[in-house]
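Note: the block below is work.txt and it holds compact mmCIF, C-alpha atoms.
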```
# COMPACT_ATOMS: atom_id res chain seq x y z
CA MET A 1 16.58 -157.62 -76.05
CA LYS A 2 17.63 -156.61 -72.54
CA LYS A 3 15.25 -153.65 -72.66
CA GLU A 4 12.44 -155.94 -73.73
CA LEU A 5 13.17 -158.33 -70.89
CA ALA A 6 13.24 -155.42 -68.46
CA TYR A 7 9.82 -154.27 -69.76
CA GLU A 8 8.45 -157.75 -69.35
CA LEU A 9 9.83 -158.16 -65.84
CA PHE A 10 8.66 -154.73 -64.72
CA HIS A 11 5.11 -155.19 -65.99
CA ASN A 12 4.82 -158.69 -64.60
CA PHE A 13 6.21 -157.58 -61.26
CA VAL A 14 3.66 -154.75 -61.03
CA LEU A 15 0.84 -157.15 -61.94
CA ILE A 16 1.86 -159.83 -59.46
CA LEU A 17 2.40 -157.28 -56.71
CA PHE A 18 -1.04 -155.77 -57.25
CA PHE A 19 -2.72 -159.16 -57.46
CA GLY A 20 -0.98 -160.22 -54.27
CA PHE A 21 -2.22 -157.11 -52.53
CA ALA A 22 -5.77 -157.68 -53.86
CA PHE A 23 -5.65 -161.31 -52.70
CA TRP A 24 -4.66 -160.22 -49.20
CA ALA A 25 -7.23 -157.38 -49.08
CA PHE A 26 -10.09 -159.60 -50.28
CA TYR A 27 -9.29 -162.24 -47.70
CA LEU A 28 -8.93 -159.67 -44.94
CA LEU A 29 -12.25 -158.06 -45.85
CA ARG A 30 -14.23 -161.28 -46.02
CA TYR A 31 -17.78 -160.78 -44.68
CA GLN A 32 -17.61 -157.10 -45.65
CA LYS A 33 -19.31 -157.28 -49.00
CA ILE A 34 -19.11 -153.62 -49.98
CA LEU A 35 -15.37 -153.45 -49.42
CA GLN A 36 -14.88 -156.81 -51.13
CA PHE A 37 -16.82 -155.53 -54.12
CA LEU A 38 -14.60 -152.44 -54.15
CA VAL A 39 -11.54 -154.70 -54.29
CA VAL A 40 -13.04 -156.62 -57.24
CA ALA A 41 -13.92 -153.38 -59.08
CA VAL A 42 -10.44 -151.91 -58.52
CA VAL A 43 -8.76 -155.16 -59.63
CA ALA A 44 -10.88 -155.28 -62.81
CA ALA A 45 -10.11 -151.61 -63.62
CA PHE A 46 -6.43 -152.10 -62.83
CA TYR A 47 -6.20 -155.14 -65.08
CA LEU A 48 -7.66 -153.22 -68.00
CA LEU A 49 -5.20 -150.38 -67.43
CA TRP A 50 -2.33 -152.80 -66.98
CA GLY A 51 -3.20 -154.49 -70.29
CA ILE A 52 -3.30 -151.15 -72.08
CA GLY A 53 0.01 -150.10 -70.51
CA TYR A 54 1.71 -153.39 -71.24
CA HIS A 55 0.73 -153.50 -74.92
CA TRP A 56 1.25 -149.80 -75.41
CA ALA A 57 4.82 -150.13 -74.09
CA ARG A 58 5.41 -153.03 -76.46
CA LYS A 59 3.69 -151.14 -79.27
CA THR A 60 1.25 -153.99 -79.81
CA LEU A 61 -1.89 -152.26 -78.59
CA ALA A 62 -4.79 -152.86 -80.98
CA PRO A 63 -8.57 -152.54 -80.61
CA ALA A 64 -8.92 -156.34 -80.47
CA ILE A 65 -6.40 -156.57 -77.63
CA PHE A 66 -8.07 -153.75 -75.71
CA PHE A 67 -11.38 -155.51 -76.17
CA GLU A 68 -9.93 -158.77 -74.88
CA TYR A 69 -8.80 -157.13 -71.63
CA PHE A 70 -12.05 -155.21 -71.39
CA ILE A 71 -14.16 -158.38 -71.72
CA LEU A 72 -12.17 -160.25 -69.09
CA ALA A 73 -12.29 -157.32 -66.68
CA LEU A 74 -16.03 -156.95 -67.32
CA THR A 75 -16.65 -160.66 -66.72
CA VAL A 76 -14.91 -160.55 -63.34
CA PHE A 77 -16.63 -157.27 -62.43
CA LEU A 78 -20.05 -158.76 -63.25
CA ILE A 79 -19.34 -161.88 -61.22
CA GLY A 80 -18.40 -159.68 -58.26
CA LEU A 81 -21.49 -157.53 -58.73
CA PHE A 82 -23.86 -160.48 -58.86
CA LEU A 83 -22.32 -162.50 -56.06
CA LEU A 84 -21.66 -159.64 -53.66
CA PHE A 85 -24.68 -157.44 -54.31
CA LEU A 86 -27.39 -159.05 -56.35
CA SER A 87 -27.46 -162.61 -55.04
CA MET B 1 10.49 -150.60 -85.10
CA PRO B 2 7.33 -152.19 -83.76
CA ARG B 3 7.87 -155.49 -82.06
CA HIS B 4 5.64 -158.54 -82.34
CA THR B 5 3.09 -157.03 -84.63
CA SER B 6 2.75 -159.94 -87.00
CA ILE B 7 1.88 -163.58 -86.60
CA ILE B 8 4.75 -165.97 -87.02
CA ILE B 9 3.69 -168.49 -89.59
CA LEU B 10 5.19 -171.81 -88.70
CA PRO B 11 5.27 -174.85 -90.97
CA GLU B 12 1.74 -176.17 -90.77
CA ILE B 13 2.57 -179.71 -89.79
CA GLN B 14 4.62 -178.68 -86.76
CA SER B 15 2.78 -175.55 -85.84
CA SER B 16 -0.31 -177.08 -84.34
CA GLY B 17 1.72 -179.10 -81.91
CA LEU B 18 -0.47 -182.02 -82.91
CA ARG B 19 0.54 -185.34 -84.30
CA SER B 20 1.64 -184.84 -87.88
CA GLN B 21 -0.76 -187.54 -89.11
CA GLU B 22 -3.70 -185.57 -87.72
CA ALA B 23 -2.47 -182.32 -89.20
CA LYS B 24 -1.90 -183.89 -92.61
CA LYS B 25 -5.45 -185.21 -92.63
CA TRP B 26 -6.83 -181.73 -92.00
CA GLN B 27 -5.04 -180.34 -95.03
CA GLN B 28 -6.68 -182.64 -97.47
CA PRO B 29 -9.24 -180.83 -99.69
CA ASN B 30 -12.03 -183.30 -99.01
CA PHE B 31 -11.53 -183.21 -95.23
CA GLU B 32 -14.79 -183.04 -93.33
CA PRO B 33 -14.57 -181.71 -89.76
CA ASP B 34 -15.07 -184.49 -87.24
CA ILE B 35 -15.62 -184.21 -83.49
CA ILE B 36 -11.88 -184.35 -82.70
CA PHE B 37 -11.20 -181.57 -85.14
CA LEU B 38 -14.00 -179.44 -83.69
CA VAL B 39 -12.84 -179.94 -80.09
CA ILE B 40 -9.28 -179.00 -81.02
CA HIS B 41 -10.45 -176.16 -83.23
CA TYR B 42 -12.51 -174.64 -80.44
CA PHE B 43 -10.17 -175.22 -77.52
CA ILE B 44 -6.55 -175.53 -78.68
CA PRO B 45 -4.49 -173.04 -80.68
CA HIS B 46 -3.31 -174.35 -84.06
CA HIS B 47 -2.85 -173.17 -87.61
CA LYS B 48 -6.50 -173.73 -88.63
CA ASN B 49 -7.76 -171.27 -86.00
CA ASN B 50 -4.97 -168.75 -86.52
CA PHE B 51 -3.16 -170.02 -83.40
CA ARG B 52 -5.92 -169.05 -81.03
CA ALA B 53 -8.61 -171.38 -79.74
CA LEU B 54 -11.89 -170.30 -81.30
CA ALA B 55 -13.44 -170.18 -77.82
CA LEU B 56 -10.99 -167.39 -76.95
CA GLN B 57 -11.58 -165.27 -80.01
CA ILE B 58 -13.48 -162.01 -79.67
CA PRO B 59 -17.02 -163.14 -80.64
CA PHE B 60 -16.83 -165.93 -78.05
CA LEU B 61 -15.27 -163.70 -75.41
CA VAL B 62 -18.21 -161.29 -75.78
CA PHE B 63 -20.56 -164.18 -75.30
CA TYR B 64 -19.24 -165.15 -71.82
CA PRO B 65 -20.20 -162.04 -69.80
CA LEU B 66 -23.53 -161.83 -71.64
CA PHE B 67 -24.30 -165.50 -71.04
CA LEU B 68 -23.21 -165.27 -67.41
CA SER B 69 -25.29 -162.14 -66.72
CA PHE B 70 -28.31 -163.71 -68.36
CA LEU B 71 -27.96 -166.89 -66.30
CA LEU B 72 -27.35 -165.07 -63.02
CA ILE B 73 -30.39 -162.82 -63.57
CA PHE B 74 -32.45 -165.82 -64.63
CA ILE B 75 -31.45 -167.71 -61.45
CA SER B 76 -32.36 -164.78 -59.21
CA GLN B 77 -35.77 -164.50 -60.92
CA PHE B 78 -36.44 -168.22 -61.13
CA GLY B 79 -37.04 -168.41 -57.38
CA THR B 80 -40.07 -166.15 -57.68
CA ILE B 81 -41.58 -168.40 -60.36
CA ARG B 82 -40.70 -171.75 -58.74
CA PRO B 83 -39.91 -171.13 -55.06
CA GLY B 84 -39.88 -174.86 -54.38
CA VAL B 85 -36.88 -175.33 -56.65
CA LEU B 86 -34.74 -172.27 -56.06
CA GLY B 87 -34.75 -169.92 -53.12
CA ILE B 88 -32.91 -169.05 -49.98
CA PHE B 89 -31.91 -172.15 -48.15
CA SER B 90 -30.18 -172.42 -44.84
CA LYS B 91 -28.96 -175.43 -42.92
CA ILE B 92 -28.75 -173.32 -39.76
CA ASN B 93 -30.40 -174.73 -36.70
CA ILE B 94 -30.49 -172.96 -33.38
CA GLN B 95 -29.21 -175.85 -31.30
CA GLU B 96 -26.22 -176.16 -33.62
CA VAL B 97 -25.48 -172.44 -33.26
CA ILE B 98 -25.38 -172.82 -29.48
CA GLU B 99 -23.27 -175.98 -29.67
CA ALA B 100 -20.82 -174.40 -32.12
CA THR B 101 -20.53 -171.27 -29.95
CA ASN B 102 -19.83 -173.40 -26.90
CA LYS B 103 -17.29 -175.43 -28.83
CA VAL B 104 -15.41 -172.27 -29.78
CA ARG B 105 -15.51 -171.09 -26.17
CA ALA B 106 -14.22 -174.45 -24.94
CA GLN B 107 -11.41 -174.34 -27.51
CA ASN B 108 -10.42 -170.96 -26.10
CA GLY B 109 -10.48 -172.17 -22.52
CA GLU B 110 -13.71 -170.38 -21.58
CA PRO B 111 -16.61 -172.04 -19.74
CA THR B 112 -19.54 -172.95 -21.99
CA PHE B 113 -22.78 -170.94 -22.02
CA LYS B 114 -25.99 -172.10 -20.42
CA THR B 115 -28.98 -171.79 -22.73
CA ASN B 116 -31.60 -169.48 -21.33
CA ASP B 117 -35.20 -169.59 -22.58
CA ALA B 118 -35.82 -165.91 -21.88
CA LEU B 119 -32.77 -164.99 -23.97
CA ASN B 120 -33.94 -167.38 -26.69
CA ALA B 121 -37.31 -165.65 -26.71
CA ALA B 122 -35.70 -162.19 -26.78
CA ALA B 123 -33.43 -163.22 -29.68
CA ASN B 124 -36.39 -164.64 -31.58
CA GLN B 125 -38.43 -161.50 -31.07
CA LYS B 126 -35.52 -159.38 -32.26
CA ALA B 127 -35.11 -161.53 -35.38
CA GLN B 128 -38.84 -161.33 -36.10
CA ASP B 129 -38.85 -157.59 -35.53
CA MET B 130 -36.08 -157.16 -38.11
CA VAL B 131 -38.08 -159.12 -40.69
CA GLN B 132 -41.40 -157.43 -39.93
CA SER B 133 -40.02 -153.89 -39.74
CA GLY B 134 -37.50 -154.52 -42.55
CA TYR B 135 -34.28 -153.39 -40.90
CA TRP B 136 -30.81 -154.79 -40.24
CA ALA B 137 -29.37 -153.11 -37.18
CA HIS B 138 -28.84 -153.46 -33.47
CA ILE B 139 -31.38 -150.72 -32.81
CA SER B 140 -34.79 -150.78 -34.53
CA PRO B 141 -36.09 -147.75 -36.48
CA THR B 142 -38.41 -147.08 -33.52
CA GLY B 143 -35.39 -146.92 -31.19
CA LYS B 144 -35.89 -150.29 -29.55
CA THR B 145 -32.60 -151.73 -28.30
CA PRO B 146 -31.66 -155.39 -27.80
CA TRP B 147 -31.84 -154.73 -24.06
CA ASP B 148 -35.51 -153.87 -24.41
CA PHE B 149 -36.18 -157.29 -25.94
CA ILE B 150 -34.25 -158.97 -23.14
CA LYS B 151 -36.03 -157.06 -20.38
CA GLU B 152 -39.45 -157.57 -21.97
CA ASN B 153 -38.87 -161.27 -21.50
CA GLY B 154 -38.28 -160.83 -17.80
CA TYR B 155 -34.51 -161.27 -17.90
CA PHE B 156 -32.49 -158.81 -15.86
CA TYR B 157 -28.81 -158.77 -16.48
CA SER B 158 -25.59 -157.27 -15.29
CA VAL B 159 -23.89 -157.62 -18.68
CA ALA B 160 -25.42 -158.28 -22.10
CA GLY B 161 -24.32 -158.49 -25.70
CA GLU B 162 -25.72 -159.16 -29.17
CA ASN B 163 -24.34 -160.59 -32.42
CA LEU B 164 -26.33 -160.49 -35.66
CA ALA B 165 -25.95 -162.52 -38.84
CA ARG B 166 -27.96 -162.84 -42.02
CA ASP B 167 -28.11 -165.07 -45.08
CA PHE B 168 -25.60 -167.67 -43.96
CA TYR B 169 -25.92 -171.09 -45.51
CA ASP B 170 -24.47 -173.05 -42.59
CA VAL B 171 -23.49 -172.68 -38.95
CA SER B 172 -19.74 -173.15 -39.38
CA SER B 173 -19.37 -170.28 -41.87
CA MET B 174 -21.50 -168.05 -39.63
CA ILE B 175 -19.40 -168.80 -36.55
CA SER B 176 -16.21 -168.31 -38.60
CA ALA B 177 -17.49 -164.91 -39.72
CA TRP B 178 -18.17 -163.85 -36.15
CA MET B 179 -14.81 -165.16 -34.97
CA ALA B 180 -13.05 -163.27 -37.78
CA SER B 181 -14.48 -159.98 -36.51
CA PRO B 182 -12.73 -158.74 -33.33
CA SER B 183 -15.85 -157.21 -31.74
CA HIS B 184 -18.05 -160.27 -32.39
CA ARG B 185 -15.29 -162.57 -31.25
CA GLU B 186 -15.02 -160.56 -28.06
CA ASN B 187 -18.73 -161.14 -27.38
CA ILE B 188 -18.46 -164.89 -27.98
CA LEU B 189 -15.38 -165.29 -25.79
CA ASN B 190 -16.33 -162.73 -23.15
CA LYS B 191 -15.63 -164.18 -19.70
CA GLU B 192 -18.39 -162.06 -18.20
CA PHE B 193 -21.22 -163.68 -20.18
CA SER B 194 -22.62 -166.89 -18.78
CA GLU B 195 -25.87 -167.45 -20.72
CA ILE B 196 -26.89 -167.47 -24.34
CA GLY B 197 -30.08 -167.25 -26.39
CA VAL B 198 -30.37 -167.66 -30.14
CA GLY B 199 -33.26 -166.68 -32.41
CA MET B 200 -33.90 -166.99 -36.09
CA ALA B 201 -36.44 -165.52 -38.52
CA GLN B 202 -36.99 -165.86 -42.23
CA GLY B 203 -38.98 -163.52 -44.40
CA SER B 204 -39.01 -161.07 -47.23
CA VAL B 205 -37.17 -157.82 -46.55
CA ALA B 206 -37.17 -155.13 -49.26
CA GLY B 207 -38.33 -157.72 -51.77
CA ARG B 208 -35.49 -160.05 -50.92
CA GLU B 209 -35.76 -163.35 -49.09
CA THR B 210 -33.60 -163.19 -45.97
CA ILE B 211 -32.69 -165.29 -42.94
CA PHE B 212 -31.71 -163.45 -39.76
CA VAL B 213 -29.91 -165.05 -36.84
CA VAL B 214 -29.65 -163.25 -33.50
CA GLN B 215 -27.30 -164.33 -30.75
CA MET B 216 -27.82 -162.75 -27.32
CA PHE B 217 -25.42 -163.14 -24.41
CA ALA B 218 -25.95 -162.06 -20.84
CA THR B 219 -25.26 -162.72 -17.22
CA PRO B 220 -28.19 -162.35 -14.82
CA THR B 221 -27.82 -159.87 -12.02
CA PRO B 222 -26.57 -161.59 -8.84
CA GLY B 223 -29.65 -160.17 -7.16
CA ALA B 224 -31.74 -162.22 -9.52
CA GLN B 225 -30.85 -165.45 -7.72
CA LEU B 226 -31.45 -163.66 -4.46
CA ALA B 227 -34.77 -162.37 -5.63
CA GLN B 228 -36.16 -165.84 -5.99
CA THR B 229 -35.80 -166.36 -2.28
CA LYS B 230 -36.16 -162.74 -1.14
CA PRO B 231 -38.64 -161.02 -3.48
CA ALA B 232 -39.03 -158.06 -1.16
CA GLU B 233 -35.53 -156.89 -1.96
CA THR B 234 -36.01 -156.65 -5.73
CA LYS B 235 -35.48 -153.40 -7.65
CA PRO B 236 -35.92 -152.63 -11.36
CA ALA B 237 -32.87 -153.16 -13.55
CA PRO B 238 -31.07 -149.98 -14.54
CA GLU B 239 -31.60 -148.35 -17.93
CA VAL B 240 -29.10 -148.90 -20.72
CA ALA B 241 -27.00 -146.23 -22.38
CA ALA B 242 -25.87 -145.83 -26.01
CA LEU B 243 -24.73 -148.88 -27.94
CA PRO B 244 -21.33 -149.65 -29.39
CA LYS B 245 -21.03 -151.24 -32.84
CA THR B 246 -21.26 -154.79 -31.58
CA ILE B 247 -23.31 -154.55 -28.54
CA SER B 248 -21.86 -155.52 -25.25
CA GLN B 249 -23.27 -153.84 -22.25
CA LYS B 250 -22.07 -153.62 -18.67
CA LEU B 251 -24.30 -152.31 -15.95
CA GLU B 252 -23.80 -151.32 -12.42
CA LEU B 253 -25.17 -154.05 -10.23
CA GLU B 254 -28.19 -152.29 -8.90
CA GLY B 255 -31.09 -154.23 -10.39
CA LYS B 256 -32.25 -157.20 -8.43
CA GLU B 257 -35.49 -158.16 -10.14
CA THR B 258 -36.50 -161.75 -10.84
CA PRO B 259 -34.69 -162.65 -14.04
CA GLN B 260 -36.43 -165.73 -15.35
CA GLU B 261 -39.04 -165.74 -18.09
CA LYS B 262 -42.69 -166.24 -17.32
CA THR B 263 -44.10 -167.19 -20.70
CA PRO B 264 -43.61 -170.35 -22.76
CA VAL B 265 -40.88 -169.90 -25.35
CA GLN B 266 -41.00 -170.88 -28.98
CA ILE B 267 -37.44 -171.93 -29.79
CA GLN B 268 -37.48 -171.11 -33.46
CA ILE B 269 -39.93 -168.85 -35.22
CA GLN B 270 -39.84 -168.04 -38.87
CA THR B 271 -41.87 -165.35 -40.54
CA LYS B 272 -42.76 -164.69 -44.13
CA GLY B 273 -43.85 -161.20 -45.04
CA ALA B 274 -45.07 -158.73 -42.48
CA GLY B 275 -46.24 -160.39 -39.34
CA GLU B 276 -47.10 -163.78 -40.74
CA VAL B 277 -45.57 -166.44 -38.50
CA ILE B 278 -45.10 -169.78 -40.13
CA ASP B 279 -44.59 -173.05 -38.36
CA VAL B 280 -40.94 -174.16 -38.47
CA GLN B 281 -41.65 -177.71 -39.55
CA GLU B 282 -43.96 -176.51 -42.30
CA LEU B 283 -41.25 -174.18 -43.56
CA ALA B 284 -38.61 -176.89 -43.40
CA ALA B 285 -40.81 -179.05 -45.60
CA LYS B 286 -41.18 -176.12 -48.04
CA SER B 287 -37.42 -175.44 -48.24
CA PRO B 288 -36.26 -175.07 -51.83
CA LEU B 289 -34.19 -177.77 -53.47
CA LEU B 290 -31.38 -175.36 -54.27
CA ASP B 291 -30.04 -172.21 -52.74
CA TYR B 292 -29.71 -169.11 -54.95
CA PHE B 293 -26.27 -168.20 -53.80
CA THR B 294 -24.82 -171.71 -54.08
CA VAL B 295 -26.12 -172.02 -57.64
CA GLN B 296 -24.82 -168.59 -58.64
CA LYS B 297 -21.43 -169.24 -57.03
CA SER B 298 -21.12 -172.64 -58.72
CA LEU B 299 -21.98 -171.11 -62.07
CA ALA B 300 -19.38 -168.36 -61.65
CA LEU B 301 -16.77 -170.95 -60.61
CA ALA B 302 -17.61 -173.07 -63.66
CA VAL B 303 -17.25 -170.15 -66.11
CA ILE B 304 -13.95 -169.00 -64.57
CA THR B 305 -12.56 -172.55 -64.49
CA PHE B 306 -13.53 -173.02 -68.14
CA LEU B 307 -11.73 -169.80 -69.12
CA LEU B 308 -8.73 -170.78 -66.97
CA ILE B 309 -8.39 -174.10 -68.78
CA LEU B 310 -8.64 -172.36 -72.17
CA PHE B 311 -6.01 -169.76 -71.24
CA PHE B 312 -3.79 -172.45 -69.78
CA PHE B 313 -3.75 -174.31 -73.11
CA ASP B 314 -3.36 -171.01 -74.95
CA PHE B 315 -0.39 -170.07 -72.76
CA ALA B 316 1.17 -173.55 -72.90
CA PHE B 317 0.91 -173.84 -76.69
CA ALA B 318 2.09 -170.27 -77.26
CA ALA B 319 5.12 -170.89 -75.05
CA ARG B 320 5.90 -174.27 -76.59
CA LEU B 321 5.63 -173.04 -80.18
CA LYS B 322 7.17 -169.65 -79.36
CA LEU B 323 4.19 -167.93 -80.94
CA ALA B 324 4.04 -164.17 -81.07
CA ARG B 325 0.43 -163.27 -81.77
CA PRO B 326 -1.46 -159.99 -81.69
CA VAL B 327 -3.42 -161.09 -78.62
CA GLY B 328 -3.46 -160.31 -74.91
CA HIS B 329 -0.88 -161.75 -72.52
CA PRO B 330 -2.13 -165.32 -71.90
CA ALA B 331 -0.14 -165.75 -68.67
CA ALA B 332 -1.55 -162.47 -67.33
CA HIS B 333 -5.08 -163.56 -68.27
CA PHE B 334 -4.46 -166.86 -66.52
CA THR B 335 -3.24 -165.13 -63.34
CA PHE B 336 -6.14 -162.68 -63.43
CA LEU B 337 -8.65 -165.51 -63.72
CA LEU B 338 -6.90 -167.42 -60.94
CA LEU B 339 -7.39 -164.39 -58.70
CA ALA B 340 -11.04 -164.20 -59.79
CA LEU B 341 -11.43 -167.86 -58.87
CA PHE B 342 -10.11 -167.08 -55.40
CA PHE B 343 -12.52 -164.12 -55.12
CA VAL B 344 -15.49 -166.30 -55.98
CA TRP B 345 -14.35 -169.07 -53.66
CA TYR B 346 -14.06 -166.65 -50.75
CA THR B 347 -17.34 -164.91 -51.42
CA ASN B 348 -19.86 -165.63 -48.71
CA SER B 349 -23.57 -165.11 -48.85
CA GLY B 350 -23.72 -163.99 -45.23
CA LEU B 351 -23.32 -160.69 -43.43
CA ILE B 352 -22.62 -159.98 -39.79
CA LEU B 353 -23.35 -156.97 -37.61
```

Please go through the file and, once you have read it, give me the structure as structure tokens.
Amino acid sequence: MKKELAYELFHNFVLILFFGFAFWAFYLLRYQKILQFLVVAVVAAFYLLWGIGYHWARKTLAPAIFFEYFILALTVFLIGLFLLFLS
Amino acid sequence: MPRHTSIIILPEIQSSGLRSQEAKKWQQPNFEPDIIFLVIHYFIPHHKNNFRALALQIPFLVFYPLFLSFLLIFISQFGTIRPGVLGIFSKINIQEVIEATNKVRAQNGEPTFKTNDALNAAANQKAQDMVQSGYWAHISPTGKTPWDFIKENGYFYSVAGENLARDFYDVSSMISAWMASPSHRENILNKEFSEIGVGMAQGSVAGRETIFVVQMFATPTPGAQLAQTKPAETKPAPEVAALPKTISQKLELEGKETPQEKTPVQIQIQTKGAGEVIDVQELAAKSPLLDYFTVQKSLALAVITFLLILFFFDFAFAARLKLARPVGHPAAHFTFLLLALFFVWYTNSGLIL
């Protein structure tokens, strides 16, 4: 139980830390579209990897779960692509 | 032993978190789905949808990026079919740019700029040149510098600078963008600049509708004032050297030629395509109803907000009912989407140089 809680805390801490960093970087790089897009792409890729790592550590990784993270990451990536490059 | 690999099956009446009367009704064999059932079935986790809102199950999740991509592509293409409805739209007006710049200077304790018609003309010509030659830079592909535009308009300066912006929807966001960049901010607040000129051009660059705004700052050579009374003493202004990233130029005070412009100045010129100058009022009347970027941004915000609401309910119900389901981490999804919402909110259509 303690180990499980430690897993949960560690993964959530990593996620929040990374998101906080991305939040700061995106704000700092406002008006620099290429760098902002890079932040979005890295965040999307990181989230997918984080999801895989989190569920793999908990031994709950399944194709449907991978797909769920992939779709969400893809949605955010596409939004970034359209708004920062193709608008 | 694997953890959390199976769904916890809770007693049906309690599991949905709904009123027991409602849940009982759903279990009757002759139950016909009504609107309440469908709303709950699609958006709230309960036993009938395997404890996951239908709108968050894989087939629906695949639909969102596809639907969003289709709509965003459709919006970007729609402007070419119906330019009166959707296109690039800007509320920027040159007088407002000058007023906003002066306001920022006043807030920072600097004296306000005087508007100079020769600088206005130079800025307009630069903006037009960028549209007609299809570039976005301080120096044109033919090597023409901002100083050439200024001098061609009969303005001789001791110090000059240039800020560029494109595709901004309004003046305040454009000024904020410049003020957020140290080099552009330095130009706006530079004590050595005393006059300003602003130009604007709209046209198609590389197949994309674009609005350029050029801000030029300068201080006339002291000899310029002198020259008006003593023309015999005038000399040509010195040549300019290489340009820094945001252009701000200081010159030795040698030039003493008459600085003021000699030709009438068109305050705002807009072009469409190569070389075709369109009357400003005519263009204003032809402005599209909606701006591409605003529509695309609103759509992205709507999709992310919709997903956020769904994941919020998913997270809340899962936490309340202590569900362990073979699905992604709803709180993580919620946080990720919250970050995406921030990204979209802080995305700006404009660029500065």

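With atom CA of Ala25 of chain A on one side and atom CA of Val39 of chain A on the other, the separation reads 7.3 Å.
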
Identify every residue of chain B that has at least one atom within 9 Å of any atom of chain A, counting all atoms listed in the file, and report the result as JSON, numbers by chain.
-> {"B": [1, 2, 3, 4, 5, 56, 57, 58, 61, 62, 64, 65, 66, 68, 69, 72, 73, 76, 177, 180, 181, 292, 293, 296, 297, 300, 304, 326, 327, 328, 329, 332, 333, 335, 336, 337, 339, 340, 342, 343, 344, 346, 347, 348, 349, 350, 351, 352]}

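Candidate residues B:Met216, B:Leu321, B:Ile139, B:Leu341 were compared for distance to Val303 of chain B, and the nearest is B:Leu341, using all atoms listed in the file.
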
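The interatomic distance for the pair atom CA of Gln95 of chain B and atom CA of Thr115 of chain B works out to 9.5 Å.
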
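Atom CA of Asp117 of chain B sits 13.2 Å away from atom CA of Thr219 of chain B.
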
For Arg166 of chain B, the nearest of the candidates B:Thr294, B:Asn120, B:Gln215, B:Thr210, counting only C-alpha atoms = B:Thr210

Residue neighbourhood Val131 of chain B, 8 Å, all atoms listed in the file, exclusion window fewer than 2 positions, as number ranges by chain | B: 127-129, 133-135, 201-205, 212, 271, 273-274

Box along x, y and z, 3 Å on every side, all listed atoms of segment 21-33 of chain A inside: centre and edge lengths in Å to one decimal, as JSON.
```
{"center_x": -10.8, "center_y": -159.7, "center_z": -49.3, "size_x": 23.1, "size_y": 11.1, "size_z": 15.2}
```
